[in-house]
$ cat final_32.cif   # mmCIF, C-alpha atoms (C1' of nucleotides)
data_query
#
loop_
_atom_site.label_atom_id
_atom_site.label_comp_id
_atom_site.auth_asym_id
_atom_site.auth_seq_id
_atom_site.Cartn_x
_atom_site.Cartn_y
_atom_site.Cartn_z
CA MET A 4 -70.28 -38.86 13.40
CA HIS A 5 -66.62 -38.06 12.88
CA ILE A 6 -63.98 -40.79 12.73
CA ASP A 7 -60.25 -40.24 12.76
CA MET A 8 -57.45 -42.79 12.91
CA ASP A 9 -55.01 -42.36 15.80
CA ALA A 10 -51.44 -41.34 14.83
CA PHE A 11 -52.24 -42.90 11.48
CA PHE A 12 -48.88 -43.05 9.64
CA ALA A 13 -47.00 -44.11 12.75
CA ALA A 14 -49.64 -46.72 13.60
CA VAL A 15 -49.36 -48.26 10.14
CA GLU A 16 -45.60 -48.50 10.51
CA GLN A 17 -46.02 -50.28 13.84
CA LEU A 18 -48.58 -52.60 12.33
CA ASP A 19 -46.13 -53.63 9.61
CA ARG A 20 -43.19 -53.89 12.00
CA PRO A 21 -44.14 -55.54 15.28
CA ASP A 22 -40.59 -54.96 16.52
CA LEU A 23 -41.54 -51.26 16.90
CA ALA A 24 -44.12 -52.02 19.59
CA GLY A 25 -43.72 -49.75 22.57
CA LYS A 26 -41.10 -47.57 20.88
CA PRO A 27 -41.40 -43.90 19.94
CA VAL A 28 -42.06 -43.83 16.18
CA ILE A 29 -41.68 -40.62 14.18
CA VAL A 30 -42.68 -40.50 10.51
CA GLY A 31 -41.40 -37.55 8.52
CA ALA A 32 -38.33 -36.08 6.88
CA ASP A 33 -34.86 -37.51 7.35
CA PRO A 34 -33.49 -35.99 10.58
CA LYS A 35 -30.07 -35.79 8.93
CA SER A 36 -31.39 -33.78 5.99
CA GLY A 37 -31.63 -30.72 8.18
CA ARG A 38 -34.95 -29.61 6.66
CA GLY A 39 -38.47 -30.90 6.92
CA VAL A 40 -41.00 -31.65 9.61
CA VAL A 41 -42.76 -34.46 11.44
CA SER A 42 -45.74 -35.92 9.57
CA ALA A 43 -46.90 -38.15 12.40
CA ALA A 44 -45.66 -39.22 15.82
CA ASN A 45 -47.06 -42.03 17.93
CA TYR A 46 -48.04 -41.46 21.54
CA GLU A 47 -44.75 -42.79 22.91
CA ALA A 48 -42.96 -40.09 20.89
CA ARG A 49 -45.43 -37.41 21.98
CA LYS A 50 -44.32 -37.94 25.58
CA TYR A 51 -41.08 -36.28 24.51
CA GLY A 52 -42.84 -33.28 23.03
CA VAL A 53 -42.74 -34.54 19.44
CA HIS A 54 -45.81 -33.72 17.36
CA SER A 55 -46.92 -33.18 13.75
CA ALA A 56 -45.37 -30.19 11.97
CA LEU A 57 -42.46 -29.98 14.42
CA PRO A 58 -39.18 -29.42 12.55
CA ILE A 59 -37.56 -32.82 12.25
CA THR A 60 -34.29 -31.59 13.70
CA GLN A 61 -36.09 -30.53 16.86
CA ALA A 62 -37.86 -33.87 17.00
CA PHE A 63 -34.46 -35.53 16.89
CA ALA A 64 -33.16 -33.28 19.64
CA ARG A 65 -36.14 -34.12 21.85
CA CYS A 66 -36.21 -37.83 21.13
CA PRO A 67 -32.85 -39.02 19.76
CA HIS A 68 -33.60 -42.67 20.58
CA GLY A 69 -36.83 -42.56 18.53
CA VAL A 70 -37.33 -44.60 15.38
CA PHE A 71 -37.35 -42.13 12.46
CA LEU A 72 -39.08 -43.36 9.30
CA ARG A 73 -39.80 -41.91 5.87
CA PRO A 74 -43.51 -41.86 4.92
CA ARG A 75 -44.87 -44.63 2.67
CA TYR A 76 -47.99 -43.01 1.21
CA SER A 77 -49.05 -45.87 -1.03
CA ARG A 78 -49.18 -48.20 1.98
CA TYR A 79 -51.23 -45.68 3.95
CA LYS A 80 -53.61 -45.36 1.02
CA GLU A 81 -54.15 -49.15 0.96
CA ILE A 82 -55.27 -49.13 4.58
CA SER A 83 -57.26 -45.95 4.05
CA ASP A 84 -59.22 -47.64 1.25
CA LYS A 85 -60.24 -50.43 3.62
CA VAL A 86 -61.36 -47.98 6.28
CA PHE A 87 -63.42 -45.95 3.80
CA GLU A 88 -65.04 -49.16 2.56
CA ILE A 89 -66.37 -49.62 6.07
CA PHE A 90 -67.60 -46.02 6.15
CA HIS A 91 -69.50 -46.42 2.90
CA SER A 92 -71.11 -49.61 4.13
CA ILE A 93 -72.92 -47.74 6.90
CA SER A 94 -74.04 -44.56 5.12
CA SER A 95 -74.14 -43.14 1.63
CA LEU A 96 -73.20 -39.73 3.02
CA VAL A 97 -69.47 -39.87 3.72
CA GLU A 98 -67.35 -36.72 3.54
CA PRO A 99 -63.61 -37.41 3.53
CA LEU A 100 -61.48 -34.80 5.29
CA SER A 101 -58.14 -36.44 4.69
CA ILE A 102 -56.60 -39.85 4.11
CA ASP A 103 -57.62 -41.09 7.57
CA GLU A 104 -60.60 -39.00 8.56
CA ALA A 105 -64.24 -38.52 7.57
CA PHE A 106 -67.66 -37.28 8.55
CA ILE A 107 -70.46 -39.81 8.29
CA ASP A 108 -74.08 -38.70 8.37
CA LEU A 109 -76.04 -41.13 10.52
CA THR A 110 -79.36 -39.36 10.04
CA GLY A 111 -81.84 -41.96 8.95
CA THR A 112 -79.51 -44.94 9.35
CA GLY A 113 -81.41 -45.98 12.46
CA ARG A 114 -83.78 -48.40 10.78
CA LEU A 115 -80.89 -50.19 9.08
CA HIS A 116 -78.18 -50.07 11.74
CA GLY A 117 -79.85 -49.26 15.03
CA ASP A 118 -78.95 -46.59 17.52
CA PRO A 119 -76.15 -44.17 16.37
CA VAL A 120 -74.08 -44.73 19.50
CA GLU A 121 -74.24 -48.49 19.06
CA LEU A 122 -73.37 -48.05 15.37
CA GLY A 123 -70.38 -45.92 16.33
CA ARG A 124 -69.05 -48.62 18.63
CA LYS A 125 -69.58 -51.25 15.99
CA THR A 126 -67.73 -49.19 13.39
CA LYS A 127 -64.77 -48.66 15.69
CA ARG A 128 -64.65 -52.41 16.33
CA ARG A 129 -64.83 -53.23 12.63
CA ILE A 130 -61.94 -50.89 11.86
CA LEU A 131 -59.84 -52.60 14.50
CA GLU A 132 -60.76 -56.08 13.27
CA THR A 133 -60.23 -55.24 9.59
CA THR A 134 -57.04 -53.19 9.80
CA GLY A 135 -55.61 -53.80 13.25
CA LEU A 136 -55.66 -50.05 13.87
CA VAL A 137 -57.35 -47.86 16.46
CA ALA A 138 -59.71 -45.01 15.54
CA SER A 139 -61.31 -42.27 17.60
CA VAL A 140 -65.00 -41.58 17.23
CA GLY A 141 -67.10 -38.51 17.96
CA ILE A 142 -70.88 -38.57 17.82
CA ALA A 143 -72.79 -35.29 18.05
CA PRO A 144 -75.69 -33.31 16.58
CA ASN A 145 -73.51 -31.65 13.89
CA LYS A 146 -70.17 -31.85 12.07
CA PHE A 147 -68.29 -29.31 14.10
CA LEU A 148 -69.21 -30.90 17.43
CA ALA A 149 -68.52 -34.40 16.16
CA LYS A 150 -65.02 -33.41 15.08
CA ILE A 151 -64.25 -31.70 18.35
CA ALA A 152 -65.60 -34.76 20.17
CA SER A 153 -63.40 -37.27 18.37
CA ASP A 154 -60.33 -35.06 18.86
CA PHE A 155 -61.19 -34.68 22.50
CA GLY A 156 -61.19 -38.41 23.22
CA LYS A 157 -57.91 -39.25 21.49
CA PRO A 158 -56.35 -41.75 21.53
CA ASP A 159 -58.80 -44.66 21.36
CA GLY A 160 -61.59 -42.19 22.01
CA PHE A 161 -65.32 -42.56 21.94
CA VAL A 162 -67.12 -39.35 22.86
CA VAL A 163 -70.82 -38.62 22.54
CA VAL A 164 -72.07 -35.05 22.88
CA PRO A 165 -75.82 -34.98 23.60
CA GLU A 166 -77.99 -32.06 22.47
CA ASP A 167 -78.39 -30.77 26.01
CA GLY A 168 -74.71 -30.99 26.90
CA VAL A 169 -73.29 -28.88 24.10
CA GLN A 170 -72.41 -25.63 25.91
CA ASP A 171 -70.93 -27.41 28.94
CA PHE A 172 -68.75 -29.41 26.59
CA LEU A 173 -67.58 -26.41 24.55
CA ASP A 174 -67.03 -23.71 27.17
CA PRO A 175 -63.71 -24.87 28.66
CA LEU A 176 -62.05 -25.67 25.29
CA ASP A 177 -59.14 -23.57 24.04
CA ILE A 178 -60.21 -21.05 21.41
CA GLY A 179 -57.76 -22.63 18.97
CA ARG A 180 -59.91 -25.77 18.78
CA LEU A 181 -62.51 -23.89 16.75
CA TRP A 182 -62.48 -24.72 13.05
CA GLY A 183 -60.87 -21.81 11.24
CA VAL A 184 -58.97 -20.43 14.23
CA GLY A 185 -55.33 -21.04 13.42
CA PRO A 186 -52.15 -19.49 14.82
CA LYS A 187 -52.86 -15.94 13.54
CA THR A 188 -56.49 -15.61 14.56
CA GLY A 189 -55.80 -17.49 17.78
CA LYS A 190 -53.09 -15.07 18.82
CA MET A 191 -55.25 -12.08 17.99
CA LEU A 192 -58.13 -13.43 20.08
CA ILE A 193 -55.90 -14.25 23.04
CA ASP A 194 -54.50 -10.71 22.81
CA HIS A 195 -58.09 -9.57 23.30
CA GLY A 196 -58.53 -11.78 26.35
CA ILE A 197 -60.48 -14.49 24.57
CA ARG A 198 -58.88 -17.77 25.53
CA THR A 199 -61.69 -20.28 25.56
CA VAL A 200 -64.70 -21.10 23.45
CA GLY A 201 -66.80 -19.97 26.40
CA ASP A 202 -65.16 -16.51 26.29
CA LEU A 203 -66.23 -16.12 22.66
CA SER A 204 -69.71 -17.48 23.24
CA ARG A 205 -70.34 -14.85 25.92
CA MET A 206 -69.62 -12.01 23.50
CA THR A 207 -72.39 -10.45 21.44
CA VAL A 208 -72.48 -11.31 17.75
CA GLU A 209 -71.82 -7.64 16.99
CA SER A 210 -68.57 -7.48 18.93
CA ALA A 211 -67.49 -10.82 17.46
CA LYS A 212 -68.04 -9.35 14.00
CA LYS A 213 -66.14 -6.23 14.91
CA LEU A 214 -63.18 -8.30 16.07
CA LEU A 215 -63.19 -10.99 13.40
CA GLY A 216 -64.77 -9.33 10.40
CA ASP A 217 -66.61 -11.62 8.06
CA HIS A 218 -65.53 -14.71 10.00
CA GLY A 219 -67.08 -13.30 13.15
CA GLU A 220 -70.60 -14.53 12.87
CA GLY A 221 -69.60 -18.04 11.81
CA LEU A 222 -67.11 -18.47 14.64
CA TRP A 223 -69.58 -17.04 17.14
CA LYS A 224 -72.10 -19.64 16.01
CA LEU A 225 -69.56 -22.43 16.34
CA ALA A 226 -68.82 -21.23 19.85
CA HIS A 227 -72.51 -21.87 20.57
CA GLY A 228 -72.37 -25.30 18.96
CA ILE A 229 -74.40 -24.10 15.98
CA ASP A 230 -73.31 -25.62 12.68
CA SER A 231 -75.75 -26.40 9.89
CA ARG A 232 -73.29 -27.47 7.20
CA PRO A 233 -74.42 -30.72 5.64
CA VAL A 234 -72.21 -33.77 5.31
CA SER A 235 -71.38 -33.56 1.63
CA PRO A 236 -69.39 -36.20 -0.22
CA GLY A 237 -67.28 -33.48 -1.81
CA SER A 238 -67.11 -31.92 -5.20
CA GLY A 239 -63.94 -33.60 -6.39
CA ARG A 240 -60.38 -32.49 -6.60
CA LYS A 241 -59.68 -28.87 -7.50
CA GLY A 242 -55.99 -29.03 -8.28
CA ILE A 243 -52.82 -31.07 -8.27
CA SER A 244 -49.52 -29.70 -7.10
CA LYS A 245 -45.94 -30.73 -6.57
CA GLU A 246 -43.28 -28.80 -4.73
CA THR A 247 -39.85 -29.37 -3.28
CA THR A 248 -37.76 -27.67 -0.65
CA PHE A 249 -34.05 -27.78 -1.36
CA ARG A 250 -31.78 -29.25 1.27
CA VAL A 251 -29.67 -26.13 0.84
CA ASP A 252 -30.93 -22.95 -0.84
CA VAL A 253 -30.08 -22.87 -4.54
CA THR A 254 -28.57 -20.05 -6.56
CA ASP A 255 -27.47 -22.01 -9.64
CA ASN A 256 -29.91 -21.28 -12.45
CA ASN A 257 -29.50 -24.65 -14.16
CA ARG A 258 -30.55 -26.41 -11.00
CA LYS A 259 -33.63 -24.23 -10.70
CA ILE A 260 -34.64 -25.08 -14.25
CA SER A 261 -33.90 -28.79 -13.96
CA THR A 262 -35.98 -28.88 -10.78
CA LEU A 263 -38.90 -27.36 -12.68
CA ARG A 264 -38.42 -30.12 -15.24
CA ARG A 265 -38.52 -32.81 -12.58
CA LEU A 266 -41.60 -31.31 -10.94
CA SER A 267 -43.28 -31.19 -14.34
CA ASP A 268 -42.48 -34.86 -14.93
CA GLY A 269 -43.95 -35.77 -11.56
CA LEU A 270 -47.08 -33.70 -12.08
CA ALA A 271 -47.65 -35.05 -15.57
CA ALA A 272 -47.39 -38.61 -14.27
CA ARG A 273 -50.07 -37.90 -11.69
CA MET A 274 -52.28 -36.13 -14.22
CA ARG A 275 -52.05 -39.21 -16.44
CA ALA A 276 -52.86 -41.52 -13.56
CA LYS A 277 -55.93 -39.42 -12.83
CA LYS A 278 -56.76 -38.90 -16.50
CA THR A 279 -57.12 -35.19 -16.00
CA PHE A 280 -56.09 -31.92 -17.68
CA GLY A 281 -55.79 -28.44 -16.26
CA ARG A 282 -56.04 -24.91 -17.66
CA THR A 283 -54.48 -22.92 -14.83
CA ILE A 284 -50.83 -23.30 -13.97
CA THR A 285 -49.28 -21.68 -10.91
CA VAL A 286 -45.61 -21.63 -9.99
CA LYS A 287 -44.58 -21.03 -6.41
CA ILE A 288 -41.20 -19.66 -5.43
CA ARG A 289 -40.01 -19.34 -1.87
CA TYR A 290 -36.83 -17.35 -1.39
CA SER A 291 -34.24 -17.78 1.33
CA GLY A 292 -35.99 -15.35 3.65
CA PHE A 293 -39.19 -17.43 3.44
CA ILE A 294 -40.81 -14.74 1.30
CA THR A 295 -43.11 -16.64 -1.03
CA ILE A 296 -44.62 -15.56 -4.32
CA THR A 297 -46.89 -17.22 -6.85
CA ARG A 298 -47.31 -16.54 -10.55
CA SER A 299 -50.17 -18.05 -12.46
CA ASP A 300 -51.78 -18.05 -15.84
CA THR A 301 -54.96 -19.51 -17.22
CA LEU A 302 -54.54 -20.97 -20.68
CA ASP A 303 -57.08 -21.32 -23.45
CA MET A 304 -56.45 -25.03 -23.68
CA PRO A 305 -56.07 -27.54 -20.86
CA ILE A 306 -52.66 -29.19 -20.64
CA ALA A 307 -51.36 -32.38 -19.10
CA THR A 308 -48.02 -33.39 -20.58
CA SER A 309 -44.73 -32.74 -18.90
CA ASP A 310 -43.47 -30.74 -21.89
CA ASP A 311 -46.46 -28.40 -21.78
CA ILE A 312 -46.31 -28.00 -18.01
CA PHE A 313 -42.57 -27.40 -18.09
CA ARG A 314 -42.81 -24.81 -20.85
CA GLU A 315 -45.53 -22.82 -19.08
CA ALA A 316 -43.90 -23.16 -15.68
CA GLN A 317 -40.62 -21.92 -17.07
CA ARG A 318 -42.29 -18.97 -18.75
CA LEU A 319 -43.95 -17.92 -15.48
CA ALA A 320 -40.95 -18.59 -13.25
CA ARG A 321 -38.12 -17.18 -15.41
CA PRO A 322 -38.54 -13.50 -14.48
CA GLU A 323 -38.63 -14.33 -10.73
CA LEU A 324 -35.80 -16.82 -10.43
CA GLU A 325 -33.08 -14.40 -9.38
CA GLY A 326 -31.35 -14.97 -6.08
CA SER A 327 -31.28 -17.71 -3.51
CA ILE A 328 -34.26 -20.04 -3.60
CA ARG A 329 -35.55 -22.37 -0.93
CA LEU A 330 -38.57 -23.95 -2.61
CA LEU A 331 -40.03 -24.42 -6.06
CA GLY A 332 -43.52 -25.70 -6.77
CA ILE A 333 -45.99 -26.12 -9.61
CA ARG A 334 -49.72 -26.45 -9.32
CA ILE A 335 -52.32 -27.24 -11.98
CA SER A 336 -55.90 -26.26 -11.30
CA ASN A 337 -59.09 -25.54 -13.18
CA LEU A 338 -59.11 -29.24 -13.87
CA THR A 339 -61.19 -30.45 -16.73
CA GLY A 340 -62.37 -33.72 -17.82
CA GLU A 341 -61.53 -37.28 -17.88
CA GLU A 342 -59.70 -38.82 -20.78
CA GLY A 343 -61.18 -37.85 -24.11
CA GLU A 344 -60.90 -34.14 -23.49
CA GLN A 345 -60.64 -32.24 -26.73
CA LEU A 346 -56.99 -31.62 -27.48
CA PRO A 347 -55.81 -28.65 -29.47
CA LEU A 348 -55.94 -29.50 -33.16
CA PHE A 349 -52.66 -27.85 -33.87
CA GLY A 350 -49.72 -29.96 -32.79
CA ARG A 351 -51.84 -32.89 -31.84
CA GLU A 352 -49.44 -35.38 -33.33
CA GLU A 353 -46.50 -33.92 -31.45
CA ARG A 354 -48.47 -34.10 -28.24
CA ASN A 355 -49.31 -37.74 -28.78
CA LYS A 356 -45.66 -38.46 -29.35
CA THR A 357 -44.56 -36.95 -26.08
CA LYS A 358 -47.48 -38.60 -24.33
CA ASN A 359 -46.37 -41.98 -25.58
CA PHE A 360 -42.85 -41.29 -24.45
CA GLU A 361 -44.06 -40.34 -21.02
CA ARG A 362 -46.28 -43.40 -20.75
CA ALA A 363 -43.29 -45.58 -21.54
CA LEU A 364 -41.33 -43.76 -18.85
CA ASP A 365 -44.11 -44.46 -16.33
CA ASP A 366 -44.04 -48.10 -17.29
CA ILE A 367 -40.35 -48.53 -16.80
CA GLN A 368 -40.43 -46.74 -13.48
CA LYS A 369 -43.30 -48.90 -12.33
CA ARG A 370 -41.40 -52.07 -13.23
CA PHE A 371 -37.89 -51.21 -12.14
CA GLY A 372 -38.32 -48.46 -9.60
CA LYS A 373 -38.07 -44.70 -9.66
CA ASP A 374 -34.31 -44.63 -9.96
CA ALA A 375 -34.20 -46.85 -13.04
CA ILE A 376 -34.71 -44.01 -15.47
CA SER A 377 -34.75 -40.25 -15.35
CA ARG A 378 -34.39 -37.45 -17.83
CA ALA A 379 -30.77 -36.55 -18.28
CA ASN A 380 -31.51 -32.97 -17.26
CA SER A 381 -33.31 -33.90 -14.07
CA LEU A 382 -30.58 -36.00 -12.51
CA GLU A 383 -30.26 -33.88 -9.42
CA LYS A 384 -29.99 -35.73 -6.19
CA ASP A 385 -29.11 -33.18 -3.59
CA ASP A 386 -32.44 -31.64 -2.94
CA ILE A 387 -34.90 -33.27 -0.63
CA GLU A 388 -36.48 -36.24 -2.31
CA ASP A 389 -40.03 -37.03 -1.50
CA ASP A 390 -42.12 -39.98 -2.66
"C1'" DT B 6 -30.60 -27.31 14.76
"C1'" DC B 7 -36.83 -22.47 12.84
"C1'" DT B 8 -40.86 -23.06 9.31
"C1'" DG B 9 -42.72 -30.14 4.46
"C1'" DG B 10 -45.98 -31.30 1.08
"C1'" DG B 11 -50.55 -31.94 -0.16
"C1'" DG B 12 -54.63 -29.55 -0.27
"C1'" DT B 13 -58.99 -25.98 0.41
"C1'" DC B 14 -61.23 -21.62 0.73
"C1'" DC B 15 -61.43 -16.54 1.01
"C1'" DT B 16 -60.48 -11.67 -0.30
"C1'" DA B 17 -59.32 -7.59 -2.96
"C1'" DG B 18 -58.93 -5.53 -7.07
"C1'" DG B 19 -58.86 -5.30 -12.16
"C1'" DA B 20 -60.64 -6.50 -16.82
"C1'" DC B 21 -64.40 -7.15 -19.37
"C1'" DC B 22 -69.29 -7.72 -20.76
"C1'" DC B 23 -74.10 -6.28 -21.08
"C1'" DT C 15 -67.98 14.98 -21.92
"C1'" DC C 16 -71.70 14.02 -15.68
"C1'" DT C 17 -69.16 7.51 -15.77
"C1'" DG C 18 -74.48 2.75 -13.20
"C1'" DG C 19 -74.44 -1.70 -11.57
"C1'" DG C 20 -74.53 -6.69 -11.81
"C1'" DG C 21 -72.03 -10.69 -13.15
"C1'" DT C 22 -68.00 -13.46 -14.32
"C1'" DC C 23 -63.33 -14.57 -14.75
"C1'" DC C 24 -58.88 -13.86 -13.40
"C1'" DT C 25 -54.38 -13.08 -10.37
"C1'" DA C 26 -51.88 -12.75 -6.00
"C1'" DG C 27 -51.65 -13.41 -1.42
"C1'" DG C 28 -52.90 -15.37 2.91
"C1'" DA C 29 -55.08 -18.32 6.50
"C1'" DC C 30 -56.01 -22.72 7.55
"C1'" DC C 31 -56.20 -27.98 7.73
"C1'" DC C 32 -54.01 -32.79 7.95
#
$ encode --input "final_32.cif" --output "structure tokens"
Amino acid sequence: MHIDMDAFFAAVEQLDRPDLAGKPVIVGADPKSGRGVVSAANYEARKYGVHSALPITQAFARCPHGVFLRPRYSRYKEISDKVFEIFHSISSLVEPLSIDEAFIDLTGTGRLHGDPVELGRKTKRRILETTGLVASVGIAPNKFLAKIASDFGKPDGFVVVPEDGVQDFLDPLDIGRLWGVGPKTGKMLIDHGIRTVGDLSRMTVESAKKLLGDHGEGLWKLAHGIDSRPVSPGSGRKGISKETTFRVDVTDNNRKISTLRRLSDGLAARMRAKKTFGRTITVKIRYSGFITITRSDTLDMPIATSDDIFREAQRLARPELEGSIRLLGIRISNLTGEEGEQLPLFGREERNKTKNFERALDDIQKRFGKDAISRANSLEKDDIEDD
DNA sequence: TCTGGGGTCCTAGGACCC
DNA sequence: TCTGGGGTCCTAGGACCC
């Protein structure tokens, strides 16, 4: 079974503000900022051609009377936690796909919960009763089909694909609905006359491989409804990243550096919250022409403090910072350990000192808000602020 | 009114080890 | 004085997903 909340961010906003009922609600960047995209649009807004990932300025052009809201992730997480509690109460095999979406393996839940279809209906009802929000449900013999099914029924969907109805269900679907067929692959396939899942399923595996390389066999199998991947609760987070797109491209070097500082502060705060360290640091630079590069290094010792992250990020970014820059980002991966990770012996005291300083900073920001305190060298307000 | 921010996974090629 | 082959780790880029 696959469950997915409908227009999740927008639905939460409407839940919290009953005055928005019936209005087009668009959650995303500030339409006046000039940069950014739509994170979520409710179905009223979609009537005007507004959808996720649409540039916010275009969303405003299409739906100027819409209600434009900034995302409130912590609120969405609260609701998400409640929904996942329900998921875990029906099966121990829950695989989260995102904040509002999961696969749930119903194999063997029959004795406890009865027929899968009945269980699906009950789950949908419980989500509505507990959160006040509507979810779409897909029930099918495997993950791929279940996901397609829940998408297919949206909004307020409940779609069951029986074993013997798989090919009839798949054949008419656009090729882009296949998992792993994005804009690039989709265009290539359409250029070859393959528009629907049925078109791909009628090819031989060999020609699919010739066209799609190593992906070929997998996609061909999906087109036949074959998917043997298990529902797996996930192997934990692989990395943490923070990036920012400037409202206007930046040439001033001091601003580039102070932005790296601010990103480091933000990353370090999240690393502390998650009690994690990372050995690999990657900086991402996107220039004005949208050309994007990354530079990374894997260190001997895991790091977590803002000072360490900033120093390494600066070292990697420095040689590439020439010219006009649109985006800067930092990512930490190769994550190791919970608290208690062995810290380098040399400079341990210094590290503790900065850690204490940063903890205090967290504290103050928690109590008085983000704007209460900031490093003097990261007081830059004219790039796009997120969270 | 071009193209956010958070992620994952894959590939190719090089370094290095046995 | 002809360079094997498997394995692992690493970097850079790219496709994709929500």
$ resolve_selection --input "final_32.cif" --expression "the PyMOL selection byres ((chain C) within 10 of (chain A))" --output "number ranges by chain"
C: 24-27, 29-32
$ write_last_selection --input "final_32.cif" --atoms "C-alpha atoms (C1' of nucleotides)" --output "short mmCIF file (atom, residue, chain, number, x, y, z; two decimals), in the coordinates of the input"
data_model
loop_
_atom_site.label_atom_id
_atom_site.label_comp_id
_atom_site.auth_asym_id
_atom_site.auth_seq_id
_atom_site.Cartn_x
_atom_site.Cartn_y
_atom_site.Cartn_z
"C1'" DC C 24 -58.88 -13.86 -13.40
"C1'" DT C 25 -54.38 -13.08 -10.37
"C1'" DA C 26 -51.88 -12.75 -6.00
"C1'" DG C 27 -51.65 -13.41 -1.42
"C1'" DA C 29 -55.08 -18.32 6.50
"C1'" DC C 30 -56.01 -22.72 7.55
"C1'" DC C 31 -56.20 -27.98 7.73
"C1'" DC C 32 -54.01 -32.79 7.95
#
$ resolve_selection --input "final_32.cif" --expression "the PyMOL selection byres ((chain A and resi 47) around 10)" --output "list in words"
Ala24, Gly25, Lys26, Pro27, Val28, Ile29, Ala44, Asn45, Tyr46, Ala48, Arg49, Lys50, Tyr51, Gly52, Val53 and Gly69 of chain A
$ write_last_selection --input "final_32.cif" --atoms "C-alpha atoms" --output "tab-separated table (two decimals), keeping the file's coordinate frame"
chain	number	residue	atom	x	y	z
A	24	ALA	CA	-44.12	-52.02	19.59
A	25	GLY	CA	-43.72	-49.75	22.57
A	26	LYS	CA	-41.10	-47.57	20.88
A	27	PRO	CA	-41.40	-43.90	19.94
A	28	VAL	CA	-42.06	-43.83	16.18
A	29	ILE	CA	-41.68	-40.62	14.18
A	44	ALA	CA	-45.66	-39.22	15.82
A	45	ASN	CA	-47.06	-42.03	17.93
A	46	TYR	CA	-48.04	-41.46	21.54
A	48	ALA	CA	-42.96	-40.09	20.89
A	49	ARG	CA	-45.43	-37.41	21.98
A	50	LYS	CA	-44.32	-37.94	25.58
A	51	TYR	CA	-41.08	-36.28	24.51
A	52	GLY	CA	-42.84	-33.28	23.03
A	53	VAL	CA	-42.74	-34.54	19.44
A	69	GLY	CA	-36.83	-42.56	18.53
$ atom_distance --input "final_32.cif" --atom1 "atom CA of Thr134 of chain A" --atom2 "atom CA of Lys85 of chain A"
7.5 Å
$ atom_distance --input "final_32.cif" --atom1 "atom CA of Asp174 of chain A" --atom2 "atom CA of Thr199 of chain A"
6.5 Å
$ atom_distance --input "final_32.cif" --atom1 "atom CA of Ala316 of chain A" --atom2 "atom CA of Ile333 of chain A"
7.1 Å
